[in-house]
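**Student:** Got a structure for you, upload16.tsv, holding TSV, C-alpha atoms and all ligand atoms.
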chain	number	residue	atom	x	y	z
A	50	MET	CA	24.53	-34.65	17.03
A	51	PHE	CA	22.91	-34.57	13.61
A	52	LYS	CA	22.14	-31.51	11.58
A	53	THR	CA	18.85	-30.36	10.13
A	54	ILE	CA	19.16	-28.47	6.87
A	55	LEU	CA	16.01	-27.43	5.05
A	56	LEU	CA	16.17	-25.74	1.66
A	57	ILE	CA	12.91	-23.96	0.92
A	58	PHE	CA	12.00	-23.71	-2.76
A	59	GLY	CA	8.97	-22.07	-4.33
A	60	PRO	CA	8.04	-19.33	-6.78
A	61	GLN	CA	7.73	-15.73	-5.68
A	62	GLY	CA	4.68	-15.28	-3.49
A	63	SER	CA	4.56	-18.92	-2.42
A	64	GLY	CA	5.15	-17.83	1.18
A	65	LYS	CA	8.48	-19.57	1.52
A	66	GLY	CA	9.89	-16.78	3.69
A	67	THR	CA	6.92	-17.01	6.07
A	68	GLN	CA	7.14	-20.79	6.27
A	69	ALA	CA	10.91	-20.65	6.77
A	70	GLU	CA	10.48	-18.25	9.72
A	71	MET	CA	7.78	-20.44	11.28
A	72	LEU	CA	9.91	-23.55	10.92
A	73	ALA	CA	12.89	-21.72	12.35
A	74	LYS	CA	10.98	-20.89	15.54
A	75	LYS	CA	9.72	-24.44	15.95
A	76	LEU	CA	13.04	-26.13	15.25
A	77	LYS	CA	15.09	-23.44	17.02
A	78	LEU	CA	17.28	-23.00	13.97
A	79	PRO	CA	18.22	-19.83	12.09
A	80	ALA	CA	16.22	-18.99	8.95
A	81	ILE	CA	18.54	-17.56	6.37
A	82	SER	CA	16.91	-15.59	3.56
A	83	LEU	CA	19.15	-14.58	0.67
A	84	GLY	CA	16.70	-11.87	-0.39
A	85	LYS	CA	16.80	-10.39	3.12
A	86	LEU	CA	20.58	-10.58	3.37
A	87	LEU	CA	20.89	-8.84	0.00
A	88	ARG	CA	18.40	-6.12	0.98
A	89	TYR	CA	20.39	-5.59	4.19
A	90	GLU	CA	23.62	-5.20	2.20
A	91	SER	CA	21.88	-2.70	-0.02
A	92	ASP	CA	20.44	-0.76	2.97
A	93	ILE	CA	23.84	-0.37	4.60
A	94	GLY	CA	25.34	0.60	1.24
A	95	SER	CA	28.04	-2.08	1.27
A	96	ASN	CA	30.05	-2.86	-1.82
A	97	ILE	CA	28.07	-6.08	-2.41
A	98	GLY	CA	24.77	-4.27	-1.72
A	99	ARG	CA	25.52	-1.53	-4.24
A	100	GLN	CA	26.41	-4.06	-6.92
A	101	ALA	CA	23.32	-6.19	-6.18
A	102	GLU	CA	20.75	-3.36	-6.21
A	103	ALA	CA	20.39	-2.93	-9.97
A	104	TYR	CA	19.66	-6.63	-10.46
A	105	MET	CA	17.21	-6.81	-7.59
A	106	GLU	CA	15.21	-3.81	-8.78
A	107	LYS	CA	14.74	-5.43	-12.19
A	108	GLY	CA	13.80	-8.80	-10.71
A	109	GLU	CA	16.96	-10.45	-12.03
A	110	LEU	CA	19.26	-12.83	-10.20
A	111	VAL	CA	22.22	-11.16	-8.55
A	112	PRO	CA	25.55	-12.47	-9.97
A	113	ASP	CA	26.67	-15.75	-8.43
A	114	GLY	CA	29.96	-14.34	-7.16
A	115	LEU	CA	28.09	-11.97	-4.86
A	116	THR	CA	25.55	-14.45	-3.51
A	117	GLU	CA	28.23	-17.06	-3.02
A	118	SER	CA	30.32	-14.88	-0.75
A	119	ILE	CA	27.25	-13.87	1.29
A	120	VAL	CA	26.24	-17.52	1.77
A	121	ARG	CA	29.78	-18.63	2.54
A	122	ASN	CA	30.16	-15.95	5.24
A	123	ARG	CA	26.75	-16.65	6.73
A	124	LEU	CA	27.35	-20.39	6.96
A	125	GLN	CA	30.56	-19.79	8.88
A	126	LYS	CA	28.69	-18.33	11.85
A	127	GLU	CA	28.28	-20.50	14.93
A	128	ASP	CA	24.51	-20.46	15.02
A	129	VAL	CA	24.32	-22.81	12.01
A	130	LEU	CA	26.15	-25.67	13.72
A	131	ALA	CA	22.94	-27.59	14.52
A	132	GLY	CA	21.53	-26.76	11.13
A	133	PHE	CA	19.65	-24.00	9.34
A	134	ILE	CA	16.77	-23.19	7.03
A	135	LEU	CA	17.72	-21.63	3.73
A	136	ASP	CA	15.17	-19.57	1.81
A	137	GLY	CA	15.96	-18.30	-1.66
A	138	TYR	CA	19.20	-20.20	-2.19
A	139	PRO	CA	20.10	-22.01	-4.38
A	140	ARG	CA	18.29	-20.51	-7.36
A	141	ASN	CA	20.39	-21.87	-10.22
A	142	LYS	CA	22.63	-24.82	-10.99
A	143	TYR	CA	25.85	-23.02	-10.18
A	144	GLN	CA	24.56	-22.02	-6.73
A	145	GLN	CA	23.31	-25.53	-6.02
A	146	ASP	CA	26.64	-27.10	-7.01
A	147	GLU	CA	28.48	-24.58	-4.83
A	148	LEU	CA	26.18	-25.21	-1.88
A	149	ILE	CA	26.60	-28.97	-2.15
A	150	LYS	CA	30.38	-28.48	-2.24
A	151	LEU	CA	30.21	-26.12	0.73
A	152	LEU	CA	28.10	-28.54	2.78
A	153	GLY	CA	30.09	-31.53	1.58
A	154	GLU	CA	32.71	-31.40	4.28
A	155	SER	CA	30.36	-30.80	7.18
A	156	VAL	CA	27.32	-32.94	6.35
A	157	LYS	CA	27.07	-36.54	7.56
A	158	ASP	CA	24.94	-39.40	6.24
A	159	ASN	CA	22.52	-39.28	9.12
A	160	ASP	CA	21.88	-35.53	8.84
A	161	ASN	CA	18.39	-34.41	7.91
A	162	ILE	CA	18.67	-32.54	4.67
A	163	TYR	CA	15.51	-31.89	2.72
A	164	ALA	CA	14.37	-29.66	-0.11
A	165	ILE	CA	10.85	-28.42	0.52
A	166	GLU	CA	9.00	-27.19	-2.54
A	167	ILE	CA	6.02	-24.94	-1.85
A	168	TRP	CA	4.07	-24.99	-5.07
A	169	ILE	CA	1.60	-22.34	-6.33
A	170	SER	CA	0.39	-21.53	-9.87
A	171	ASP	CA	1.73	-18.49	-11.74
A	172	GLN	CA	-1.67	-16.78	-11.55
A	173	GLU	CA	-1.76	-17.21	-7.78
A	174	ALA	CA	1.80	-15.84	-7.56
A	175	ILE	CA	0.86	-12.77	-9.61
A	176	ASP	CA	-2.25	-12.11	-7.47
A	177	ARG	CA	-0.33	-12.47	-4.26
A	178	ILE	CA	2.76	-10.46	-5.14
A	179	GLY	CA	0.75	-7.65	-6.72
A	180	GLY	CA	-0.89	-6.98	-3.34
A	181	ARG	CA	2.24	-7.24	-1.22
A	182	ARG	CA	3.23	-4.10	0.71
A	183	ILE	CA	6.21	-3.63	2.96
A	184	CYS	CA	7.32	-1.12	5.57
A	185	ASP	CA	10.82	0.13	6.33
A	186	CYS	CA	10.44	-1.36	9.83
A	187	GLY	CA	10.40	-4.85	8.29
A	188	ALA	CA	6.65	-5.54	8.51
A	189	VAL	CA	5.03	-7.21	5.49
A	190	TYR	CA	1.31	-6.94	4.56
A	191	HIS	CA	-0.99	-8.06	1.79
A	192	LEU	CA	-3.79	-5.72	0.70
A	193	LYS	CA	-6.21	-8.66	0.44
A	194	TYR	CA	-4.95	-11.42	2.74
A	195	SER	CA	-3.37	-9.52	5.66
A	196	PRO	CA	-4.23	-5.83	5.22
A	197	PRO	CA	-3.07	-3.13	7.65
A	198	LYS	CA	-5.78	-1.60	9.85
A	199	LYS	CA	-5.39	1.82	8.15
A	200	ASP	CA	-5.13	1.95	4.38
A	201	GLU	CA	-1.48	1.49	3.30
A	202	ILE	CA	-0.16	2.53	6.76
A	203	CYS	CA	1.97	0.24	8.94
A	204	ASP	CA	0.15	-1.03	12.07
A	205	LEU	CA	3.44	-1.26	13.94
A	206	CYS	CA	5.12	2.08	13.26
A	207	GLY	CA	2.63	4.25	11.34
A	208	ARG	CA	4.87	4.70	8.31
A	209	LYS	CA	3.54	4.59	4.74
A	210	LEU	CA	3.67	1.14	3.14
A	211	TYR	CA	5.06	0.58	-0.34
A	212	ALA	CA	5.53	-2.15	-2.94
A	213	ARG	CA	9.05	-3.53	-3.42
A	214	ASP	CA	10.59	-2.51	-6.78
A	215	ASP	CA	10.80	-6.16	-7.75
A	216	ASP	CA	7.09	-6.64	-6.95
A	217	GLN	CA	6.09	-4.41	-9.89
A	218	PRO	CA	4.25	-6.36	-12.67
A	219	SER	CA	7.10	-6.46	-15.23
A	220	ALA	CA	9.56	-7.68	-12.58
A	221	ILE	CA	7.10	-10.30	-11.29
A	222	ASN	CA	6.81	-11.92	-14.72
A	223	LYS	CA	10.55	-11.92	-15.15
A	224	ARG	CA	11.06	-13.52	-11.73
A	225	LEU	CA	8.47	-16.24	-12.40
A	226	LYS	CA	10.11	-17.11	-15.73
A	227	LEU	CA	13.47	-17.30	-13.99
A	228	TYR	CA	12.03	-19.57	-11.32
A	229	HIS	CA	10.69	-22.01	-13.92
A	230	SER	CA	13.80	-22.01	-16.11
A	231	GLU	CA	16.61	-21.82	-13.54
A	232	THR	CA	15.33	-22.89	-10.13
A	233	GLU	CA	12.63	-25.51	-10.69
A	234	PRO	CA	14.99	-27.92	-12.52
A	235	LEU	CA	17.18	-28.05	-9.38
A	236	LEU	CA	14.44	-30.03	-7.64
A	237	ASN	CA	15.28	-33.09	-9.78
A	238	TYR	CA	18.51	-33.52	-7.86
A	239	TRP	CA	16.62	-33.77	-4.53
A	240	LEU	CA	13.89	-35.91	-6.04
A	241	LYS	CA	16.46	-38.46	-7.22
A	242	LYS	CA	17.97	-38.54	-3.73
A	243	ASN	CA	14.49	-39.05	-2.25
A	244	LYS	CA	14.93	-35.77	-0.39
A	245	LEU	CA	12.17	-33.72	-1.97
A	246	ILE	CA	9.07	-32.80	0.01
A	247	LYS	CA	6.35	-31.25	-2.14
A	248	ILE	CA	3.73	-29.03	-0.54
A	249	ASN	CA	0.65	-27.42	-2.05
A	250	GLY	CA	1.07	-23.73	-1.19
A	251	GLU	CA	-2.40	-22.63	-2.26
A	252	ARG	CA	-3.79	-22.95	1.24
A	253	LYS	CA	-3.81	-21.14	4.55
A	254	ILE	CA	-0.44	-20.40	6.15
A	255	ASN	CA	-1.05	-22.66	9.16
A	256	GLU	CA	-2.27	-25.55	7.03
A	257	ILE	CA	0.89	-25.37	4.94
A	258	GLN	CA	3.08	-25.27	8.04
A	259	ASN	CA	1.27	-28.26	9.55
A	260	GLU	CA	1.71	-30.27	6.40
A	261	ILE	CA	5.43	-29.50	6.22
A	262	ILE	CA	5.85	-30.65	9.80
A	263	LYS	CA	3.77	-33.76	9.26
A	264	LYS	CA	5.82	-34.74	6.22
A	265	LEU	CA	9.12	-34.01	7.99
A	266	LYS	CA	8.10	-36.11	10.96
A	267	LYS	CA	7.21	-38.99	8.70
A	268	ARG	CA	10.55	-38.80	6.95
A	269	ASN	CA	13.12	-38.29	9.65
A	270	ARG	CA	14.28	-38.04	13.19
A	271	ILE	CA	14.03	-34.30	13.69
A	272	SER	CA	13.68	-33.95	17.48
A	273	TYR	CA	9.96	-34.21	18.07
A	274	ASP	CA	10.29	-32.29	21.35
A	275	TYR	CA	10.57	-29.14	19.33
A	276	TYR	CA	7.05	-29.34	17.96
B	1	LIG	P1	13.41	-12.59	-2.51
B	1	LIG	O1	13.26	-11.73	-1.30
B	1	LIG	O2	13.75	-14.00	-2.17
B	1	LIG	O3	12.22	-12.49	-3.44
B	1	LIG	O4	14.67	-12.02	-3.32
B	1	LIG	C1	14.70	-10.68	-3.80
B	1	LIG	C2	15.73	-10.51	-4.89
B	1	LIG	O5	17.04	-10.80	-4.37
B	1	LIG	C3	15.58	-11.44	-6.09
B	1	LIG	O6	14.65	-10.96	-7.02
B	1	LIG	C4	17.00	-11.43	-6.64
B	1	LIG	O7	17.29	-10.23	-7.35
B	1	LIG	C5	17.84	-11.41	-5.37
B	1	LIG	N1	18.16	-12.78	-4.92
B	1	LIG	C6	17.64	-13.45	-3.84
B	1	LIG	N2	18.15	-14.68	-3.74
B	1	LIG	C7	19.03	-14.80	-4.78
B	1	LIG	C8	19.88	-15.84	-5.25
B	1	LIG	N3	19.95	-17.03	-4.65
B	1	LIG	N4	20.63	-15.60	-6.35
B	1	LIG	C9	20.60	-14.43	-6.99
B	1	LIG	N5	19.81	-13.41	-6.62
B	1	LIG	C10	19.03	-13.59	-5.53
Now that the file is in, can you turn its structure into structure tokens?
Ligand code: AMP
**Tutor:**
Amino acid sequence: MFKTILLIFGPQGSGKGTQAEMLAKKLKLPAISLGKLLRYESDIGSNIGRQAEAYMEKGELVPDGLTESIVRNRLQKEDVLAGFILDGYPRNKYQQDELIKLLGESVKDNDNIYAIEIWISDQEAIDRIGGRRICDCGAVYHLKYSPPKKDEICDLCGRKLYARDDDQPSAINKRLKLYHSETEPLLNYWLKKNKLIKINGERKINEIQNEIIKKLKKRNRISYDYY
């Protein structure tokens, strides 16, 4: 059996988390979000979570030692055997090198490994992230694109919505700069291997998803029954 590994790249607000979740359902693979795993560690007050919090609030990258151990542990679970979708990792050269080393032993030539870049402009990212609101129950809204029925109140549980600390304007700019300087250059590696799939993210969610699937189908042998 071959593996399907999709690495989802894109600046903040590009919708990579949403696309990763949609792909996960279709391909019946786990979507692994580093941001979510880190927020979980912080919520349960673990050692890693407490160390990561200060960086996350400021919109900075959490130190590699912490992310590496989270990824290593997650990729040891059984549910990743047929593959997985990784959102938010790698974000710098060190992480990419570590991931390639980690996958090295388990990945075969005929596995489907692709980097999917969901591209949006900085202005679009700023507009989108500025309106993002979350709820403690896990629901995510956007004041303009997917507003709750009642102003700033969660449709699902009735709690008050709030903006993530790292969605505040100063943190957004910092995160975009980091994306361009540290993460974007990683795409060259996948481009050279002919493993990069570029997607225009400035469209509707379903259109983006359809294009990802179309391009994946063209490229590889991902089981078409899943779609
Ligand atoms: P996200 O939910 O993907 O926007 O991630 C939220 C925050 O988690 C980021 O702003 C970083 O502080 C941290 N984070 C997520 N992924 C990584 C990573 N690969 N390396 C370092 N920090 C990360």
**Student:** Which residues of chain A come within 8 Å of ligand LIG 1 (chain B), and for each one, what is the closest pair of atoms and their distance in Å to one decimal, counting only C-alpha atoms and all ligand atoms, sorted by chain and residue number, as a Markdown table?
**Tutor:**
| residue | atom | partner | partner_atom | distance |
| --- | --- | --- | --- | --- |
| A:Gln61 | CA | B:LIG1 | O3 | 6.0 |
| A:Gly66 | CA | B:LIG1 | O2 | 7.5 |
| A:Ser82 | CA | B:LIG1 | O2 | 6.7 |
| A:Leu83 | CA | B:LIG1 | N2 | 4.5 |
| A:Gly84 | CA | B:LIG1 | O1 | 3.6 |
| A:Lys85 | CA | B:LIG1 | O1 | 5.8 |
| A:Leu87 | CA | B:LIG1 | O5 | 6.1 |
| A:Arg88 | CA | B:LIG1 | O5 | 7.2 |
| A:Ala101 | CA | B:LIG1 | O7 | 7.4 |
| A:Glu102 | CA | B:LIG1 | O7 | 7.8 |
| A:Tyr104 | CA | B:LIG1 | O7 | 5.3 |
| A:Met105 | CA | B:LIG1 | O7 | 3.4 |
| A:Glu106 | CA | B:LIG1 | O7 | 6.9 |
| A:Lys107 | CA | B:LIG1 | O7 | 7.3 |
| A:Gly108 | CA | B:LIG1 | O6 | 4.4 |
| A:Glu109 | CA | B:LIG1 | O7 | 4.7 |
| A:Leu110 | CA | B:LIG1 | N5 | 3.7 |
| A:Val111 | CA | B:LIG1 | N5 | 3.8 |
| A:Pro112 | CA | B:LIG1 | C9 | 6.1 |
| A:Asp113 | CA | B:LIG1 | C9 | 6.4 |
| A:Thr116 | CA | B:LIG1 | N4 | 5.8 |
| A:Asp136 | CA | B:LIG1 | O2 | 7.0 |
| A:Gly137 | CA | B:LIG1 | N2 | 4.7 |
| A:Tyr138 | CA | B:LIG1 | N3 | 4.1 |
| A:Pro139 | CA | B:LIG1 | N3 | 5.0 |
| A:Arg140 | CA | B:LIG1 | N3 | 4.7 |
| A:Asn141 | CA | B:LIG1 | N4 | 7.4 |
| A:Gln144 | CA | B:LIG1 | N3 | 7.1 |
| A:Asp215 | CA | B:LIG1 | O6 | 6.2 |
| A:Arg224 | CA | B:LIG1 | O6 | 6.5 |
**Student:** What does the distance from atom CA of Asp204 of chain A to atom CA of Ile81 of chain A come to in Å, to one decimal?
**Tutor:**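 Interatomic distance here is 25.4 Å.
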**Student:** If I take atom CA of Ile169 of chain A and atom CA of Lys142 of chain A, how far is one from the other in Å, to one decimal?
**Tutor:**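 Between atom CA of Ile169 of chain A and atom CA of Lys142 of chain A the gap works out to 21.7 Å.
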**Student:** Quick one: everything within 12 Å of Leu130 of chain A, counting all atoms listed in the file, minus sequence neighbours fewer than 4 positions away in the same chain. Send it as a PyMOL selection string.
**Tutor:** chain A and resi 50-54+77-79+123-126+134+152+155-156+160
**Student:** Please list, as number ranges by chain, the residues that have an atom at most 6 Å away from (9.7, -21.5, -7.7) in the coordinates of this file, counting all atoms listed in the file.
**Tutor:** A: 58-60, 228, 233
**Student:** Here is a test: counting all atoms listed in the file, which residue of A:Lys244, A:Lys75, A:Lys209, A:His229 is nearest to Asp171 of chain A?
**Tutor:**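 Nearest to Asp171 of chain A: A:His229.
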**Student:** Separation of atom CA of Trp239 of chain A and atom CA of Asn122 of chain A, in Å?
**Tutor:** 24.4 Å
**Student:** Given only C-alpha atoms as the basis, pick out the residue of A:Ile221, A:Ile162, A:Leu56, A:Leu205 nearest to Arg181 of chain A.
**Tutor:** A:Ile221
**Student:** Let me make sure I understand: among A:Arg99, A:Lys226, A:Lys253, A:Lys242, which one has the smallest atom-to-atom distance to Gln68 of chain A if we use all atoms listed in the file?
**Tutor:**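 Among A:Arg99, A:Lys226, A:Lys253, A:Lys242, it is A:Lys253 that comes nearest to Gln68 of chain A.
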**Student:** Using all atoms listed in the file, determine which residues lie at most 10 Å from Leu265 of chain A, disregarding the query and same-chain residues fewer than 4 positions distant; provide the list as a list in words.
**Tutor:** Leu55, Asn161, Tyr163, Ile165, Ile246, Asn259, Glu260, Ile261, Asn269, Arg270 and Ile271 of chain A
